[in-house]
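Worksheet: one structure, shown below.
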Amino acid sequence: MRFFSKRPYILFILPAFIFYTALVVYPIFSSFAVSLTRWNGMNEQIFVGFDNYIQLFTTTELYSQLQNAIMNNVTMILFGVFITLPLQIIVAYLIYNKVFAHNYSQVMTFSTQLISTPIILIMTTLMLDSNVGLINHIIENTLGRQYVRQWAMMPELGIFPVWLMMTFSGFGIGMLFLVGAMRMISNEMIEAAKIDGAGYWSILLKIILPQIRVTIFNLIIITYIIMMTAFEFNFVFGGGTGSGGINNIYDTQALFFFRVAFGNLGQVGGTISANSMGMGTTIATVLFAMTFILSALQIVFVYGKKMED
């Protein structure tokens, strides 16, 4: 009791620390332990060391699927950082400057965050449908019937439809972070820039962006984590079987893990693989390592630079 009386903050931290350790930290280490075994989730675990990792990166079928999944993750990250984030900044800046109907625009943009994943998937599927879809209806009336396509299953589009749905779902929350950061900037600084002759977009580039750079870096980190762990949109849009669609065009690392560990395809084919959980947790560990290490490096870089400034 004397120990806690001198450090009362520990009593506030301890419950969350216990739950976080039990529900997050322990499963991470236990998953790594499972990845070192040959196990299908039911029979006895057989310790095999790093054989699963060697097999993952040397077996042609597994490695090709892993490469495809990583490329899809990276593609969505690049789309999110270089397309979604700039659009969020522009929309946030317009709302910050109280353009016409800015309150309505803010509410409507954020409202997409409240729409559930199945609803977004149904809306997107209907829009892309070759028979009743809105997109094909517009194309048919403007360009002609010969240009109508089944857009939802076109390999040429790749992961783009999934990224579009994820962007629609999460656009509003990132925009609100940016609006909040902009409203914390001193009005005197903005007014002084206007007096000095700074234009509308010059204020954004030279005044606003440097002041909210930490928020922008945080959104980049969040985008990286979300896109690296993307699963539900890919899973349902690909048919709900974990296959990732035609030629695995919607595959991601999380979906690849699910397919190997729990899917009906087993490890590289068949029904229940003799090493489904062992190989599945190996893929999950690789995903965790990639997400954690790069996110940690970004955090150290951002906040290290902030401390230096």
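Chain lettering (A, B, ...) mirrors the order of the structure tokens, residue numbering begins at 1 for each chain separately, and ligand numbering begins at 1 in order of display.
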_Would you pick out the contacts of Gly180 (chain A) at 10 Å or less, using only C-alpha atoms, so that residues sharing its chain but fewer than 6 positions from it are not included, and give the list as an NGL selection string?_
:A and (92 or 96 or 212 or 215)
*Could you pull out all residues of region 55-300 of chain A with a DSSP call of alpha helix (DSSP H) and give them as a PyMOL selection string?*
chain A and resi 55-58+60-79+85-96+102-111+117-128+134-142+160-183+187-195+200-203+209-211+213-228+232-237+253-261+276-300
Residue subset to file, keeping C-alpha atoms, as a compact mmCIF listing (two decimals), in the first residue's frame:
# COMPACT_ATOMS: atom_id res chain seq x y z
CA GLN A 55 8.70 -22.81 -46.69
CA LEU A 56 6.71 -19.57 -46.99
CA PHE A 57 9.50 -17.80 -48.86
CA THR A 58 10.72 -20.78 -50.94
CA THR A 60 6.43 -21.20 -55.33
CA GLU A 61 2.68 -21.27 -54.68
CA LEU A 62 2.89 -19.75 -51.21
CA TYR A 63 5.46 -17.11 -52.11
CA SER A 64 3.57 -15.99 -55.24
CA GLN A 65 0.40 -15.53 -53.20
CA LEU A 66 2.36 -13.68 -50.52
CA GLN A 67 3.92 -11.37 -53.12
CA ASN A 68 0.53 -10.66 -54.68
CA ALA A 69 -1.01 -9.90 -51.28
CA ILE A 70 1.86 -7.57 -50.29
CA MET A 71 1.67 -5.73 -53.62
CA ASN A 72 -2.05 -5.15 -53.10
CA ASN A 73 -1.38 -3.83 -49.60
CA VAL A 74 1.36 -1.53 -50.88
CA THR A 75 -0.84 -0.31 -53.75
CA MET A 76 -3.61 0.66 -51.33
CA ILE A 77 -1.09 2.42 -49.08
CA LEU A 78 0.22 4.47 -52.01
CA PHE A 79 -3.32 5.32 -53.13
CA LEU A 85 -4.78 12.26 -47.99
CA PRO A 86 -4.37 15.25 -50.37
CA LEU A 87 -8.12 15.19 -51.04
CA GLN A 88 -8.80 15.11 -47.29
CA ILE A 89 -6.51 18.11 -46.80
CA ILE A 90 -8.26 20.09 -49.55
CA VAL A 91 -11.76 19.29 -48.26
CA ALA A 92 -10.69 20.07 -44.69
CA TYR A 93 -9.23 23.40 -45.82
CA LEU A 94 -12.46 24.33 -47.59
CA ILE A 95 -14.50 23.51 -44.48
CA TYR A 96 -11.98 25.38 -42.31
CA HIS A 102 -19.62 23.95 -44.94
CA ASN A 103 -21.49 22.56 -41.90
CA TYR A 104 -23.67 20.40 -44.14
CA SER A 105 -20.60 19.24 -46.10
CA GLN A 106 -18.77 18.34 -42.89
CA VAL A 107 -21.68 16.29 -41.56
CA MET A 108 -22.30 14.50 -44.86
CA THR A 109 -18.61 13.72 -45.38
CA PHE A 110 -18.31 12.26 -41.90
CA SER A 111 -21.60 10.34 -42.19
CA THR A 117 -19.30 -2.42 -44.31
CA PRO A 118 -22.06 -4.69 -45.75
CA ILE A 119 -24.11 -1.66 -46.83
CA ILE A 120 -21.11 -0.10 -48.59
CA LEU A 121 -20.39 -3.42 -50.29
CA ILE A 122 -24.00 -3.81 -51.47
CA MET A 123 -24.07 -0.23 -52.79
CA THR A 124 -20.77 -0.70 -54.63
CA THR A 125 -21.79 -4.06 -56.10
CA LEU A 126 -25.04 -2.60 -57.40
CA MET A 127 -23.26 0.41 -58.90
CA LEU A 128 -20.73 -1.80 -60.70
CA LEU A 134 -25.48 3.04 -62.28
CA ILE A 135 -22.02 3.28 -63.85
CA ASN A 136 -22.93 1.02 -66.76
CA HIS A 137 -26.24 2.85 -67.17
CA ILE A 138 -24.36 6.13 -67.62
CA ILE A 139 -21.83 4.51 -69.97
CA GLU A 140 -24.55 2.91 -72.07
CA ASN A 141 -26.43 6.20 -72.49
CA THR A 142 -23.31 8.20 -73.33
CA PHE A 160 -8.83 -0.30 -56.98
CA PRO A 161 -12.54 -1.03 -56.16
CA VAL A 162 -11.62 -2.22 -52.67
CA TRP A 163 -9.48 0.87 -52.04
CA LEU A 164 -12.34 3.04 -53.28
CA MET A 165 -14.75 1.48 -50.78
CA MET A 166 -12.27 1.83 -47.92
CA THR A 167 -11.69 5.46 -48.87
CA PHE A 168 -15.43 6.14 -48.94
CA SER A 169 -15.78 4.53 -45.51
CA GLY A 170 -12.89 6.32 -43.78
CA PHE A 171 -12.61 9.64 -45.64
CA GLY A 172 -14.59 11.63 -43.07
CA ILE A 173 -12.66 10.69 -39.94
CA GLY A 174 -9.30 11.74 -41.39
CA MET A 175 -10.84 14.97 -42.65
CA LEU A 176 -12.15 15.79 -39.16
CA PHE A 177 -8.68 15.29 -37.67
CA LEU A 178 -7.32 17.79 -40.20
CA VAL A 179 -10.11 20.32 -39.60
CA GLY A 180 -9.47 20.12 -35.86
CA ALA A 181 -5.74 20.65 -36.35
CA MET A 182 -6.36 23.64 -38.64
CA ARG A 183 -8.67 25.27 -36.09
CA ASN A 187 -5.90 33.34 -36.30
CA GLU A 188 -3.35 36.14 -35.92
CA MET A 189 -0.89 34.14 -38.02
CA ILE A 190 -3.45 33.67 -40.80
CA GLU A 191 -4.46 37.33 -40.73
CA ALA A 192 -0.83 38.44 -40.86
CA ALA A 193 -0.27 36.23 -43.92
CA LYS A 194 -3.29 37.79 -45.64
CA ILE A 195 -2.02 41.30 -44.88
CA TYR A 200 -5.87 31.47 -50.69
CA TRP A 201 -3.81 28.41 -51.61
CA SER A 202 -0.50 29.97 -50.56
CA ILE A 203 -1.81 30.12 -47.00
CA LEU A 209 0.55 22.53 -43.84
CA PRO A 210 3.73 23.24 -41.81
CA GLN A 211 1.59 23.81 -38.72
CA ARG A 213 2.50 18.33 -40.26
CA VAL A 214 2.36 16.10 -37.16
CA THR A 215 -1.34 15.42 -37.79
CA ILE A 216 -0.54 14.61 -41.41
CA PHE A 217 2.24 12.21 -40.37
CA ASN A 218 -0.14 10.57 -37.89
CA LEU A 219 -2.70 10.06 -40.66
CA ILE A 220 0.01 8.52 -42.85
CA ILE A 221 0.80 6.05 -40.06
CA ILE A 222 -2.91 5.28 -39.56
CA THR A 223 -3.33 4.83 -43.32
CA TYR A 224 -0.38 2.45 -43.40
CA ILE A 225 -1.75 0.33 -40.56
CA ILE A 226 -5.31 0.23 -41.93
CA MET A 227 -4.23 -0.68 -45.46
CA MET A 228 -1.74 -3.29 -44.25
CA GLU A 232 -13.39 -7.30 -44.48
CA PHE A 233 -13.92 -5.41 -47.75
CA ASN A 234 -11.59 -7.78 -49.60
CA PHE A 235 -13.18 -10.84 -48.01
CA VAL A 236 -16.79 -10.00 -48.87
CA PHE A 237 -16.13 -8.36 -52.25
CA GLN A 253 -1.94 -10.41 -46.30
CA ALA A 254 -4.76 -10.63 -43.76
CA LEU A 255 -6.97 -12.42 -46.28
CA PHE A 256 -4.08 -14.70 -47.27
CA PHE A 257 -3.62 -15.59 -43.60
CA PHE A 258 -7.33 -16.36 -43.23
CA ARG A 259 -7.37 -18.54 -46.34
CA VAL A 260 -4.41 -20.61 -45.20
CA ALA A 261 -5.40 -20.89 -41.52
CA SER A 276 -2.83 -24.82 -41.62
CA MET A 277 -2.44 -23.10 -38.24
CA GLY A 278 1.34 -23.30 -38.25
CA MET A 279 1.64 -21.70 -41.68
CA GLY A 280 -1.26 -19.35 -41.02
CA THR A 281 0.34 -17.91 -37.89
CA THR A 282 3.63 -17.64 -39.80
CA ILE A 283 1.90 -15.38 -42.34
CA ALA A 284 0.25 -13.43 -39.51
CA THR A 285 3.62 -12.96 -37.80
CA VAL A 286 5.17 -11.64 -41.02
CA LEU A 287 2.23 -9.23 -41.36
CA PHE A 288 2.63 -8.07 -37.76
CA ALA A 289 6.38 -7.58 -38.16
CA MET A 290 5.95 -5.50 -41.31
CA THR A 291 3.21 -3.39 -39.76
CA PHE A 292 4.89 -2.90 -36.38
CA ILE A 293 8.44 -2.22 -37.53
CA LEU A 294 7.58 0.30 -40.25
CA SER A 295 4.97 2.01 -38.05
CA ALA A 296 7.50 2.26 -35.21
CA LEU A 297 10.12 3.72 -37.57
CA GLN A 298 7.62 6.32 -38.77
CA ILE A 299 6.71 7.23 -35.19
CA VAL A 300 10.36 7.54 -34.14
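In this model, the gap between CA of Gly263 (chain A) and CA of Asp251 (chain A) comes to 13.3 Å.
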*asked:* For Met42 (chain A), find every residue with an atom within 12 Å (counting only C-alpha atoms), except residues of its own chain fewer than 2 positions away, and show them as an MDAnalysis selection string.
replied: chainID A and resid 38:40 44:46 272:278
Take the residues just selected and output them with N, CA and C atoms as an mmCIF file, in the first residue's frame.
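Writing done, so here's out-v5.cif:
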data_model
loop_
_atom_site.group_PDB
_atom_site.id
_atom_site.type_symbol
_atom_site.label_atom_id
_atom_site.label_comp_id
_atom_site.auth_asym_id
_atom_site.auth_seq_id
_atom_site.Cartn_x
_atom_site.Cartn_y
_atom_site.Cartn_z
ATOM 1 N N ARG A 38 4.442 -27.261 -36.461
ATOM 2 C CA ARG A 38 3.600 -27.837 -37.515
ATOM 3 C C ARG A 38 2.313 -28.282 -36.835
ATOM 4 N N TRP A 39 1.182 -27.632 -37.183
ATOM 5 C CA TRP A 39 -0.056 -27.849 -36.425
ATOM 6 C C TRP A 39 -1.244 -27.473 -37.289
ATOM 7 N N ASN A 40 -2.293 -28.278 -37.226
ATOM 8 C CA ASN A 40 -3.514 -27.976 -37.978
ATOM 9 C C ASN A 40 -4.632 -27.456 -37.083
ATOM 10 N N GLU A 44 -1.565 -32.789 -32.316
ATOM 11 C CA GLU A 44 -0.433 -32.365 -31.485
ATOM 12 C C GLU A 44 0.491 -31.432 -32.267
ATOM 13 N N GLN A 45 0.983 -30.407 -31.581
ATOM 14 C CA GLN A 45 1.926 -29.477 -32.194
ATOM 15 C C GLN A 45 3.309 -30.115 -32.258
ATOM 16 N N ILE A 46 3.959 -29.954 -33.404
ATOM 17 C CA ILE A 46 5.310 -30.488 -33.602
ATOM 18 C C ILE A 46 6.247 -29.306 -33.864
ATOM 19 N N ILE A 272 -8.417 -29.584 -45.357
ATOM 20 C CA ILE A 272 -7.743 -29.144 -44.134
ATOM 21 C C ILE A 272 -6.275 -29.524 -44.225
ATOM 22 N N SER A 273 -5.414 -28.535 -44.283
ATOM 23 C CA SER A 273 -3.994 -28.801 -44.374
ATOM 24 C C SER A 273 -3.471 -29.328 -43.049
ATOM 25 N N ALA A 274 -2.444 -30.160 -43.131
ATOM 26 C CA ALA A 274 -1.828 -30.691 -41.912
ATOM 27 C C ALA A 274 -1.071 -29.618 -41.154
ATOM 28 N N ASN A 275 -0.843 -28.464 -41.789
ATOM 29 C CA ASN A 275 -0.075 -27.397 -41.139
ATOM 30 C C ASN A 275 -0.771 -26.051 -41.335
ATOM 31 N N SER A 276 -2.098 -26.046 -41.332
ATOM 32 C CA SER A 276 -2.834 -24.816 -41.618
ATOM 33 C C SER A 276 -2.590 -23.738 -40.575
ATOM 34 N N MET A 277 -2.632 -24.099 -39.282
ATOM 35 C CA MET A 277 -2.438 -23.100 -38.238
ATOM 36 C C MET A 277 -0.972 -22.696 -38.119
ATOM 37 N N GLY A 278 -0.084 -23.629 -38.311
ATOM 38 C CA GLY A 278 1.337 -23.303 -38.250
ATOM 39 C C GLY A 278 1.728 -22.319 -39.337
#
